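Peer 1: Handing you this structure, nothing more for now.
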Amino acid sequence: MKPRIAPERFRAMFEPRGVLVAGVSTHPAKFGFVALHNIVTQGYEGAVYGTNRDGGEVLGVPMVTSLEELPGDVPIDLVFVCTPASANVELLRACAARGIGAAFLTSAGYGEAGAEGRQAEAALVALADELGILLAGPNGQGVVSTPARLCAQIVAPYPPPGGIGIASQSGNFVSSFQNYARSSGVGVSRAVSAGNAAALTIPDYLEYYASDPATRVGLAYVEGIADGRAFFDRARQVTAQMPLVVLKGGTTRGGERAAASHTGALASDDRVFDGMCRQAGITRAANVEEAFDTAATFSTQPLPRGPRVAVVTTAGGWGVVTADAITRSELELVGLPESLRVAIDERLPPRWSRNNPIDLAGGETRDTIPEVLELVADSPQVDAIIYLGLGIQSNQARLLREGRFGGDPGIERVVAYHERQDARFARAAAEVSEASGKPVLTATELALADPANAGPATVRATGRYCSPTAQRAVAALEHLWRYARFRQRRGLL
Amino acid sequence: MSAKHARATRRTLSEAESKVLLLDYGVRCVPDRVVATAQAAVAAAGELGYPVVAKLSGERIAHKTERGLVRLALGGPEQVEAAAVELLAAAVPDDGDVALLVAPMLRATRELIVGLHDDPQFGRCIMVGFGGVLAEAVADVAFRLAPIDATDAHEMLDDLTAAAILGPVRGEPAVDRDAVVAVLLGLSRLAVDRPDVVSVDVNPLLIVAGVPIAVDALVEMRT
């Protein structure tokens, strides 16, 4: 099944050669100012023009009062619309005449605004169709495309580049996901707030992302789904090509109370949606953190080939709690193969746990952690690793440096050693994962408590995701395994 | 279209007719007899062997248990006759044509529910779960959109929270998962072949010696 919209058409929106902002304002609190500001300050290198009533320049960008004033030899592909609904019909006609192929409409007063608004929206969709313009919104917050360094939105933030492609029926969730991207360092390829989704809908964007080399995983927030069956069919095409994480709002309606059948009474929106997700290979997240955790893990780890997980930890309690979480999941806490036990024995004093979780129990020396990670990853009985305890040394290093004895050469030497070690461990986790083709997840609350700590900071530098808790790492890994199993069972290898 | 209007365009098949339709799609049903009188019920019970179950059956009777129209574990002719007389007397004019349904009383610790539902958003879907009179309260069920394949059907069983109940329990063998999957695939074929079927309820689908047998069924048709 082919995508509804040919992927090439999306280039005008996500890789525009030039952008026109319609309805520019000089007031820094107005959308027509913010949009222009965000486009020109976040690195976009294509041509930028604006329209307003007075001409001149705003933020150094030339303004025109009519599209006919635009230089004829500068290609412009995207119009970012901040004008009121009443101005947009004429604007779109002028844009089409100028060769503009895509429009993002922030304008309100359409489908969300009563019968008259709905009529205006239908007319707008028909007009865009007639003109051959790809229409996003209306009533949306904007579009982001990091390969084009494009931040065309009336809100913050601009995320770091990465492999997550976001499409959302709520603009605020685009911001939430992008904020998580900023704080975790796991970045975004494309993001779009679909607004009223009058013409382009969530599946349209997801189909484009599935064909987009910059996107490794789709992340969508959906509420109402107009045509459930079409959503299912299209989502199934998307998941055949890339993982798709979906967060669904509005799962409250019960089954048909008046149903004559038990089946009908049990068929709540949520249960049917949940079954549809499993059938389509959609990864359904329970909440916004889980949605981002999972998308970030898909984006930065290989898929596990099986469910068998080993936990490597430098401290007992963390390992125990993580083992509990694995046991409750569809993952498997693998029993340590004898050969692996013997190999680890050679590197640690006898007090180590000698089982999974592999608790090093403080017996490690300079090279133990990278060596054990490698040994465990090389075991054919292990499909994935969760590594805990990263950053402990650097956490003490921070106290040493910031305490009143900081600066003492002996103390500074140890501070530097600790930080080097944690950086090394974080790099080892990434390298071992790359060499073995197996996921190696790290988890520590220091990712939030002290993001500058050499442990989580180096995880970010390696392009991986440091989960704030082991439970969240387990939940994300379970989603990876379910998706891998979905593919295996259906011959999608 | 209002719910009331939608309702008016539907009719239910009797239990016996429902089972005939399901048999066409490979759903094994308990061998039962439809009879008109108490005497005929006693004769049928004698042929089937005791104990038996007697129910009042009719096109417009949907919720038999709630109305006390199911009599279980009838051990001899006198009990069958008494139950049959009471059941026939319990019919109300709204029930339309009624008959007695006599079936052998099957013993099983595990009861499943399977069904077909036409969802307003996603269209026809297939359900499996733990059944019996508490099915709705327990609500341990899994849905998929029709049509499904065998992989989907197996995964539906995996989805059930109490999936462990499908394993060996209290001296009974594990549920024959392939046989349950065959029932689900049969329902899926029915969903595709018969757009006039609005919903199907098989509850309970008893697990007898590991094998699923439909004991009660209700099919709703578009008219």
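By order in the structure tokens, chains are A, B, ...; within a chain, residues start at 1; ligands start at 1, following the order shown.
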Excluding range 177-184 of chain B and any residue of its chain fewer than 3 positions from it, enumerate the residues within 10 Å of it, using only C-alpha atoms, and give them as number ranges by chain.

Peer 2: B: 22-23, 25-28, 112, 114-116, 126-128, 146-157, 166-167, 174, 187-190, 205, 207, 210-214

Peer 1: Write to file, as a compact mmCIF listing (two decimals), in the first residue's frame, the residues of the selection just made, with N, CA and C atoms.

Peer 2:
# COMPACT_ATOMS: atom_id res chain seq x y z
N LEU B 22 -22.97 -21.00 13.92
CA LEU B 22 -21.58 -21.11 14.41
C LEU B 22 -20.94 -22.43 13.98
N LEU B 23 -21.75 -23.49 13.96
CA LEU B 23 -21.23 -24.80 13.53
C LEU B 23 -20.63 -24.71 12.13
N TYR B 25 -19.02 -22.44 10.98
CA TYR B 25 -17.69 -21.82 11.05
C TYR B 25 -16.78 -22.56 12.03
N GLY B 26 -17.07 -23.84 12.22
CA GLY B 26 -16.16 -24.70 12.96
C GLY B 26 -16.19 -24.52 14.47
N VAL B 27 -17.23 -23.88 14.98
CA VAL B 27 -17.34 -23.75 16.44
C VAL B 27 -18.13 -24.95 16.96
N ARG B 28 -17.44 -25.80 17.72
CA ARG B 28 -18.10 -27.00 18.22
C ARG B 28 -19.07 -26.62 19.33
N LEU B 112 -14.57 -19.86 28.90
CA LEU B 112 -14.13 -18.70 28.12
C LEU B 112 -15.35 -18.00 27.53
N VAL B 114 -16.12 -15.90 23.82
CA VAL B 114 -15.61 -15.37 22.56
C VAL B 114 -16.76 -14.61 21.89
N GLY B 115 -16.40 -13.64 21.09
CA GLY B 115 -17.47 -12.86 20.48
C GLY B 115 -17.01 -12.03 19.30
N LEU B 116 -18.00 -11.49 18.64
CA LEU B 116 -17.80 -10.59 17.50
C LEU B 116 -18.60 -9.33 17.79
N ILE B 126 -12.96 -9.09 16.96
CA ILE B 126 -13.10 -10.41 17.57
C ILE B 126 -12.61 -10.30 19.01
N MET B 127 -13.29 -10.99 19.92
CA MET B 127 -12.89 -10.93 21.33
C MET B 127 -12.73 -12.33 21.90
N VAL B 128 -11.77 -12.48 22.80
CA VAL B 128 -11.70 -13.68 23.63
C VAL B 128 -11.41 -13.24 25.06
N ALA B 146 -11.16 -7.73 12.89
CA ALA B 146 -11.31 -8.80 11.90
C ALA B 146 -10.90 -8.27 10.52
N PRO B 147 -10.27 -9.09 9.68
CA PRO B 147 -9.92 -10.49 9.96
C PRO B 147 -8.62 -10.61 10.76
N ILE B 148 -8.51 -11.73 11.47
CA ILE B 148 -7.27 -12.01 12.21
C ILE B 148 -6.61 -13.24 11.61
N ASP B 149 -5.32 -13.40 11.89
CA ASP B 149 -4.66 -14.66 11.51
C ASP B 149 -4.29 -15.42 12.78
N ALA B 150 -3.69 -16.61 12.59
CA ALA B 150 -3.42 -17.47 13.74
C ALA B 150 -2.45 -16.80 14.72
N THR B 151 -1.50 -16.02 14.20
CA THR B 151 -0.56 -15.33 15.09
C THR B 151 -1.32 -14.35 15.97
N ASP B 152 -2.22 -13.58 15.36
CA ASP B 152 -3.03 -12.64 16.14
C ASP B 152 -3.82 -13.38 17.22
N ALA B 153 -4.42 -14.51 16.82
CA ALA B 153 -5.29 -15.24 17.75
C ALA B 153 -4.48 -15.77 18.94
N HIS B 154 -3.29 -16.30 18.66
CA HIS B 154 -2.44 -16.77 19.77
C HIS B 154 -2.05 -15.59 20.68
N GLU B 155 -1.75 -14.46 20.07
CA GLU B 155 -1.37 -13.29 20.88
C GLU B 155 -2.54 -12.78 21.72
N MET B 156 -3.76 -12.95 21.23
CA MET B 156 -4.93 -12.57 22.03
C MET B 156 -4.96 -13.37 23.33
N LEU B 157 -4.66 -14.67 23.21
CA LEU B 157 -4.66 -15.50 24.42
C LEU B 157 -3.53 -15.06 25.37
N LEU B 166 -4.99 -20.91 31.38
CA LEU B 166 -5.04 -21.74 30.18
C LEU B 166 -4.11 -22.95 30.27
N GLY B 167 -3.20 -22.93 31.22
CA GLY B 167 -2.29 -24.06 31.42
C GLY B 167 -2.99 -25.19 32.16
N ALA B 174 -3.92 -28.82 29.98
CA ALA B 174 -3.88 -27.44 29.47
C ALA B 174 -4.95 -27.26 28.40
N LEU B 187 -14.72 -17.39 13.86
CA LEU B 187 -15.47 -16.14 14.06
C LEU B 187 -15.00 -15.06 13.10
N SER B 188 -13.68 -15.04 12.87
CA SER B 188 -13.12 -14.04 11.96
C SER B 188 -13.66 -14.25 10.55
N ARG B 189 -13.73 -15.52 10.12
CA ARG B 189 -14.29 -15.81 8.78
C ARG B 189 -15.75 -15.39 8.73
N LEU B 190 -16.46 -15.68 9.82
CA LEU B 190 -17.88 -15.30 9.87
C LEU B 190 -18.02 -13.78 9.74
N LEU B 205 -17.91 -20.60 26.63
CA LEU B 205 -17.23 -21.58 25.79
C LEU B 205 -16.50 -22.47 26.81
N ILE B 207 -14.37 -25.36 28.59
CA ILE B 207 -13.19 -26.14 28.26
C ILE B 207 -13.37 -27.52 28.88
N GLY B 210 -9.82 -30.01 28.00
CA GLY B 210 -8.90 -29.18 27.22
C GLY B 210 -9.50 -28.57 25.97
N VAL B 211 -10.68 -29.06 25.57
CA VAL B 211 -11.23 -28.66 24.26
C VAL B 211 -12.41 -27.69 24.46
N PRO B 212 -12.48 -26.63 23.64
CA PRO B 212 -13.56 -25.66 23.79
C PRO B 212 -14.87 -26.15 23.18
N ILE B 213 -15.96 -26.05 23.94
CA ILE B 213 -17.29 -26.41 23.45
C ILE B 213 -18.26 -25.29 23.80
N ALA B 214 -18.95 -24.78 22.78
CA ALA B 214 -19.89 -23.69 23.01
C ALA B 214 -21.14 -24.23 23.68

Peer 1: Report the closest atom pair, with its distance in Å rounded to one decimal, for each residue of chain A that has an atom no farther than 9 Å from chain B; count only C-alpha atoms, sort by chain and then rising residue number, and write it as JSON lines.

Peer 2:
{"residue": "A:Ile225", "atom": "CA", "partner": "B:Gln121", "partner_atom": "CA", "distance": 7.6}
{"residue": "A:Ala226", "atom": "CA", "partner": "B:Gln121", "partner_atom": "CA", "distance": 7.4}
{"residue": "A:Asp227", "atom": "CA", "partner": "B:Gln121", "partner_atom": "CA", "distance": 6.5}
{"residue": "A:Gly228", "atom": "CA", "partner": "B:Phe122", "partner_atom": "CA", "distance": 4.5}
{"residue": "A:Arg229", "atom": "CA", "partner": "B:Phe122", "partner_atom": "CA", "distance": 5.1}
{"residue": "A:Ala230", "atom": "CA", "partner": "B:Phe122", "partner_atom": "CA", "distance": 8.6}
{"residue": "A:Phe231", "atom": "CA", "partner": "B:Phe122", "partner_atom": "CA", "distance": 8.9}
{"residue": "A:Phe232", "atom": "CA", "partner": "B:Phe122", "partner_atom": "CA", "distance": 8.2}
{"residue": "A:Ala258", "atom": "CA", "partner": "B:Ala3", "partner_atom": "CA", "distance": 8.2}
{"residue": "A:Ala259", "atom": "CA", "partner": "B:Arg7", "partner_atom": "CA", "distance": 8.9}
{"residue": "A:Ala260", "atom": "CA", "partner": "B:Ala62", "partner_atom": "CA", "distance": 7.2}
{"residue": "A:Ser261", "atom": "CA", "partner": "B:Asp201", "partner_atom": "CA", "distance": 6.0}
{"residue": "A:His262", "atom": "CA", "partner": "B:Asp201", "partner_atom": "CA", "distance": 6.6}
{"residue": "A:Thr263", "atom": "CA", "partner": "B:Gly115", "partner_atom": "CA", "distance": 5.5}
{"residue": "A:Gly264", "atom": "CA", "partner": "B:His117", "partner_atom": "CA", "distance": 5.7}
{"residue": "A:Ala265", "atom": "CA", "partner": "B:Glu136", "partner_atom": "CA", "distance": 7.4}
{"residue": "A:Leu266", "atom": "CA", "partner": "B:Glu136", "partner_atom": "CA", "distance": 6.4}
{"residue": "A:Ala267", "atom": "CA", "partner": "B:His117", "partner_atom": "CA", "distance": 7.5}
{"residue": "A:Asp269", "atom": "CA", "partner": "B:Gln121", "partner_atom": "CA", "distance": 8.4}
{"residue": "A:Arg271", "atom": "CA", "partner": "B:Phe143", "partner_atom": "CA", "distance": 6.6}
{"residue": "A:Val272", "atom": "CA", "partner": "B:Phe143", "partner_atom": "CA", "distance": 5.6}
{"residue": "A:Phe273", "atom": "CA", "partner": "B:Phe122", "partner_atom": "CA", "distance": 8.2}
{"residue": "A:Asp274", "atom": "CA", "partner": "B:Phe143", "partner_atom": "CA", "distance": 7.7}
{"residue": "A:Gly275", "atom": "CA", "partner": "B:Phe143", "partner_atom": "CA", "distance": 4.8}
{"residue": "A:Met276", "atom": "CA", "partner": "B:Arg144", "partner_atom": "CA", "distance": 5.7}
{"residue": "A:Cys277", "atom": "CA", "partner": "B:Arg144", "partner_atom": "CA", "distance": 8.8}
{"residue": "A:Arg278", "atom": "CA", "partner": "B:Arg144", "partner_atom": "CA", "distance": 8.1}
{"residue": "A:Gln279", "atom": "CA", "partner": "B:Asp152", "partner_atom": "CA", "distance": 6.4}
{"residue": "A:Arg489", "atom": "CA", "partner": "B:Thr151", "partner_atom": "CA", "distance": 7.3}
{"residue": "A:Arg490", "atom": "CA", "partner": "B:Thr151", "partner_atom": "CA", "distance": 8.0}

Peer 1: What parts of range 66-116 of chain B does DSSP call strand (DSSP E or B)? I'd like the answer as a list in words.

Peer 2: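 For range 66-116 of chain B, the strand (DSSP E or B) set is Val70, Arg71, Leu72, Ala73, Leu74, Val98, Ala99, Leu100, Leu101, Val102, Ala103, Pro104, Arg110, Glu111, Leu112, Ile113, Val114, Gly115 and Leu116 of chain B.
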
Peer 1: Pull N, CA and C atoms from the residues just selected and write them as a PDB file, in the first residue's frame.

Peer 2:
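The result, stored in result-v1.pdb:
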ATOM      1  N   VAL B  70     -32.675 -20.689  32.871  1.00  0.00           N
ATOM      2  CA  VAL B  70     -31.721 -21.780  32.713  1.00  0.00           C
ATOM      3  C   VAL B  70     -31.820 -22.677  33.944  1.00  0.00           C
ATOM      4  N   ARG B  71     -32.057 -23.974  33.750  1.00  0.00           N
ATOM      5  CA  ARG B  71     -32.118 -24.930  34.877  1.00  0.00           C
ATOM      6  C   ARG B  71     -31.003 -25.952  34.696  1.00  0.00           C
ATOM      7  N   LEU B  72     -30.110 -25.988  35.684  1.00  0.00           N
ATOM      8  CA  LEU B  72     -28.911 -26.813  35.565  1.00  0.00           C
ATOM      9  C   LEU B  72     -29.062 -28.130  36.321  1.00  0.00           C
ATOM     10  N   ALA B  73     -28.240 -29.106  35.947  1.00  0.00           N
ATOM     11  CA  ALA B  73     -28.046 -30.349  36.706  1.00  0.00           C
ATOM     12  C   ALA B  73     -29.358 -31.054  37.032  1.00  0.00           C
ATOM     13  N   LEU B  74     -30.190 -31.226  36.027  1.00  0.00           N
ATOM     14  CA  LEU B  74     -31.435 -31.961  36.234  1.00  0.00           C
ATOM     15  C   LEU B  74     -31.096 -33.455  36.154  1.00  0.00           C
ATOM     16  N   VAL B  98     -41.523 -19.623  21.488  1.00  0.00           N
ATOM     17  CA  VAL B  98     -40.477 -20.178  22.349  1.00  0.00           C
ATOM     18  C   VAL B  98     -40.449 -21.691  22.214  1.00  0.00           C
ATOM     19  N   ALA B  99     -39.323 -22.264  22.641  1.00  0.00           N
ATOM     20  CA  ALA B  99     -39.188 -23.715  22.658  1.00  0.00           C
ATOM     21  C   ALA B  99     -38.304 -24.080  23.839  1.00  0.00           C
ATOM     22  N   LEU B 100     -38.263 -25.379  24.123  1.00  0.00           N
ATOM     23  CA  LEU B 100     -37.357 -25.844  25.179  1.00  0.00           C
ATOM     24  C   LEU B 100     -36.093 -26.379  24.530  1.00  0.00           C
ATOM     25  N   LEU B 101     -34.982 -26.102  25.197  1.00  0.00           N
ATOM     26  CA  LEU B 101     -33.715 -26.590  24.697  1.00  0.00           C
ATOM     27  C   LEU B 101     -33.120 -27.493  25.778  1.00  0.00           C
ATOM     28  N   VAL B 102     -32.847 -28.731  25.430  1.00  0.00           N
ATOM     29  CA  VAL B 102     -32.312 -29.692  26.399  1.00  0.00           C
ATOM     30  C   VAL B 102     -30.914 -30.105  25.949  1.00  0.00           C
ATOM     31  N   ALA B 103     -29.970 -30.057  26.881  1.00  0.00           N
ATOM     32  CA  ALA B 103     -28.581 -30.375  26.517  1.00  0.00           C
ATOM     33  C   ALA B 103     -27.915 -31.135  27.648  1.00  0.00           C
ATOM     34  N   PRO B 104     -26.924 -31.974  27.317  1.00  0.00           N
ATOM     35  CA  PRO B 104     -26.206 -32.638  28.409  1.00  0.00           C
ATOM     36  C   PRO B 104     -25.489 -31.601  29.274  1.00  0.00           C
ATOM     37  N   ARG B 110     -13.128 -24.405  33.617  1.00  0.00           N
ATOM     38  CA  ARG B 110     -12.752 -23.189  32.880  1.00  0.00           C
ATOM     39  C   ARG B 110     -13.800 -22.815  31.850  1.00  0.00           C
ATOM     40  N   GLU B 111     -14.162 -21.539  31.872  1.00  0.00           N
ATOM     41  CA  GLU B 111     -15.145 -21.030  30.925  1.00  0.00           C
ATOM     42  C   GLU B 111     -14.548 -19.827  30.211  1.00  0.00           C
ATOM     43  N   LEU B 112     -14.573 -19.858  28.900  1.00  0.00           N
ATOM     44  CA  LEU B 112     -14.133 -18.703  28.117  1.00  0.00           C
ATOM     45  C   LEU B 112     -15.352 -18.000  27.529  1.00  0.00           C
ATOM     46  N   ILE B 113     -15.109 -16.793  27.036  1.00  0.00           N
ATOM     47  CA  ILE B 113     -16.123 -16.103  26.246  1.00  0.00           C
ATOM     48  C   ILE B 113     -15.447 -15.703  24.940  1.00  0.00           C
ATOM     49  N   VAL B 114     -16.124 -15.903  23.822  1.00  0.00           N
ATOM     50  CA  VAL B 114     -15.612 -15.365  22.562  1.00  0.00           C
ATOM     51  C   VAL B 114     -16.761 -14.614  21.892  1.00  0.00           C
ATOM     52  N   GLY B 115     -16.399 -13.639  21.088  1.00  0.00           N
ATOM     53  CA  GLY B 115     -17.468 -12.859  20.479  1.00  0.00           C
ATOM     54  C   GLY B 115     -17.006 -12.033  19.301  1.00  0.00           C
ATOM     55  N   LEU B 116     -18.004 -11.487  18.640  1.00  0.00           N
ATOM     56  CA  LEU B 116     -17.801 -10.593  17.497  1.00  0.00           C
ATOM     57  C   LEU B 116     -18.596  -9.330  17.789  1.00  0.00           C
TER      58      LEU B 116
END

Peer 1: Enumerate, as a count of residues only, the complete set of residues in range 151-211 of chain B that a backbone-based DSSP assignment places in helix (DSSP H, G or I).

Peer 2: 30

Peer 1: May I have the residues within 8 Å of Pro62 in chain A as a count of residues only, using only C-alpha atoms and disregarding those fewer than 6 positions away in the same chain?

Peer 2: 5

Peer 1: Set the distance at 12 Å and use only C-alpha atoms: which residues neighbour range 86-97 of chain B once local chain neighbours fewer than 5 positions away are removed? I'd like the list as a PyMOL selection string.

Peer 2: chain B and resi 12-14+35-38+41+53-64+67-71+79-81+102

Peer 1: Could you dump the residues just selected with N, CA and C atoms as a compact mmCIF listing (two decimals), in the first residue's frame?

Peer 2:
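Below is the file that was written, result_11.txt:
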# COMPACT_ATOMS: atom_id res chain seq x y z
N THR B 12 -32.35 -10.86 17.13
CA THR B 12 -31.47 -11.92 17.60
C THR B 12 -31.97 -13.26 17.08
N LEU B 13 -31.04 -14.15 16.82
CA LEU B 13 -31.40 -15.54 16.50
C LEU B 13 -31.62 -16.27 17.81
N SER B 14 -32.42 -17.32 17.77
CA SER B 14 -32.56 -18.15 18.97
C SER B 14 -31.24 -18.85 19.23
N VAL B 35 -37.18 -28.83 21.67
CA VAL B 35 -38.46 -29.53 21.76
C VAL B 35 -39.55 -28.55 22.17
N ALA B 36 -40.80 -28.97 21.97
CA ALA B 36 -41.91 -28.04 22.21
C ALA B 36 -42.59 -28.29 23.55
N THR B 37 -42.55 -29.52 24.03
CA THR B 37 -43.35 -29.86 25.21
C THR B 37 -42.48 -30.48 26.30
N ALA B 38 -43.06 -30.54 27.53
CA ALA B 38 -42.37 -31.14 28.66
C ALA B 38 -42.11 -32.63 28.39
N ALA B 41 -39.27 -33.03 26.18
CA ALA B 41 -38.03 -32.70 26.89
C ALA B 41 -37.53 -33.91 27.67
N VAL B 53 -29.32 -30.06 31.13
CA VAL B 53 -29.68 -28.66 31.34
C VAL B 53 -30.92 -28.39 30.51
N ALA B 54 -31.86 -27.61 31.05
CA ALA B 54 -33.01 -27.19 30.24
C ALA B 54 -33.07 -25.67 30.23
N LYS B 55 -33.36 -25.11 29.04
CA LYS B 55 -33.45 -23.65 28.91
C LYS B 55 -34.66 -23.31 28.07
N LEU B 56 -35.16 -22.11 28.27
CA LEU B 56 -36.19 -21.60 27.37
C LEU B 56 -35.47 -20.87 26.25
N SER B 57 -35.81 -21.19 25.03
CA SER B 57 -35.11 -20.62 23.88
C SER B 57 -36.10 -19.91 22.97
N GLY B 58 -35.68 -18.79 22.42
CA GLY B 58 -36.55 -18.08 21.48
C GLY B 58 -35.79 -16.91 20.88
N GLU B 59 -36.25 -16.45 19.72
CA GLU B 59 -35.54 -15.39 19.00
C GLU B 59 -35.35 -14.12 19.80
N ARG B 60 -36.33 -13.86 20.67
CA ARG B 60 -36.27 -12.58 21.37
C ARG B 60 -35.78 -12.72 22.80
N ILE B 61 -35.24 -13.89 23.13
CA ILE B 61 -34.74 -14.10 24.50
C ILE B 61 -33.21 -13.98 24.48
N ALA B 62 -32.70 -12.93 25.11
CA ALA B 62 -31.26 -12.72 25.07
C ALA B 62 -30.57 -13.08 26.38
N HIS B 63 -31.08 -12.62 27.49
CA HIS B 63 -30.37 -12.81 28.76
C HIS B 63 -31.10 -13.81 29.63
N LYS B 64 -30.83 -15.10 29.34
CA LYS B 64 -31.57 -16.17 30.00
C LYS B 64 -31.27 -16.28 31.49
N ARG B 67 -32.99 -13.86 33.70
CA ARG B 67 -34.43 -14.08 33.84
C ARG B 67 -34.78 -15.43 34.45
N GLY B 68 -33.76 -16.16 34.88
CA GLY B 68 -34.03 -17.46 35.51
C GLY B 68 -34.53 -18.50 34.53
N LEU B 69 -34.09 -18.40 33.28
CA LEU B 69 -34.59 -19.32 32.25
C LEU B 69 -33.62 -20.45 31.95
N VAL B 70 -32.68 -20.69 32.87
CA VAL B 70 -31.72 -21.78 32.71
C VAL B 70 -31.82 -22.68 33.94
N ARG B 71 -32.06 -23.97 33.75
CA ARG B 71 -32.12 -24.93 34.88
C ARG B 71 -31.00 -25.95 34.70
N GLN B 79 -37.47 -34.28 37.43
CA GLN B 79 -36.89 -32.93 37.51
C GLN B 79 -36.97 -32.23 36.16
N VAL B 80 -36.74 -32.99 35.09
CA VAL B 80 -36.80 -32.39 33.75
C VAL B 80 -38.22 -31.92 33.46
N GLU B 81 -39.19 -32.77 33.81
CA GLU B 81 -40.57 -32.41 33.52
C GLU B 81 -40.98 -31.16 34.30
N VAL B 102 -32.85 -28.73 25.43
CA VAL B 102 -32.31 -29.69 26.40
C VAL B 102 -30.91 -30.10 25.95

Peer 1: With only C-alpha atoms as the counted atoms, please give the residues lying no more than 6 Å from range 384-397 of chain A, apart from itself and same-chain residues fewer than 5 positions off, as a list in words.

Peer 2: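 Once the adjacent positions are removed, what remains is Val309, Ala310, Val311, Val312, Thr313, Thr314, Val415, His418, Glu419, Asp422, Lys438, Pro439, Val440, Leu441, Thr442, Ala443 and Gly455 of chain A.
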
Peer 1: Since we have the selection now, will you write its residues out, keeping C-alpha atoms, as a PDB file, in the first residue's frame?

Peer 2:
ATOM      1  CA  VAL A 309      18.174  -9.609  30.145  1.00  0.00           C
ATOM      2  CA  ALA A 310      21.249  -9.400  32.348  1.00  0.00           C
ATOM      3  CA  VAL A 311      21.551  -6.666  34.970  1.00  0.00           C
ATOM      4  CA  VAL A 312      25.045  -5.389  35.730  1.00  0.00           C
ATOM      5  CA  THR A 313      25.180  -3.301  38.887  1.00  0.00           C
ATOM      6  CA  THR A 314      27.697  -1.943  41.345  1.00  0.00           C
ATOM      7  CA  VAL A 415      38.235  14.018  41.034  1.00  0.00           C
ATOM      8  CA  HIS A 418      36.561   9.458  39.022  1.00  0.00           C
ATOM      9  CA  GLU A 419      35.177  11.471  36.152  1.00  0.00           C
ATOM     10  CA  ASP A 422      32.501   7.206  34.659  1.00  0.00           C
ATOM     11  CA  LYS A 438      22.571  -5.863  21.585  1.00  0.00           C
ATOM     12  CA  PRO A 439      20.853  -3.129  23.578  1.00  0.00           C
ATOM     13  CA  VAL A 440      22.846  -1.929  26.580  1.00  0.00           C
ATOM     14  CA  LEU A 441      20.706   0.483  28.611  1.00  0.00           C
ATOM     15  CA  THR A 442      21.973   2.717  31.395  1.00  0.00           C
ATOM     16  CA  ALA A 443      19.835   4.054  34.218  1.00  0.00           C
ATOM     17  CA  GLY A 455      28.298   9.381  33.748  1.00  0.00           C
TER      18      GLY A 455
END
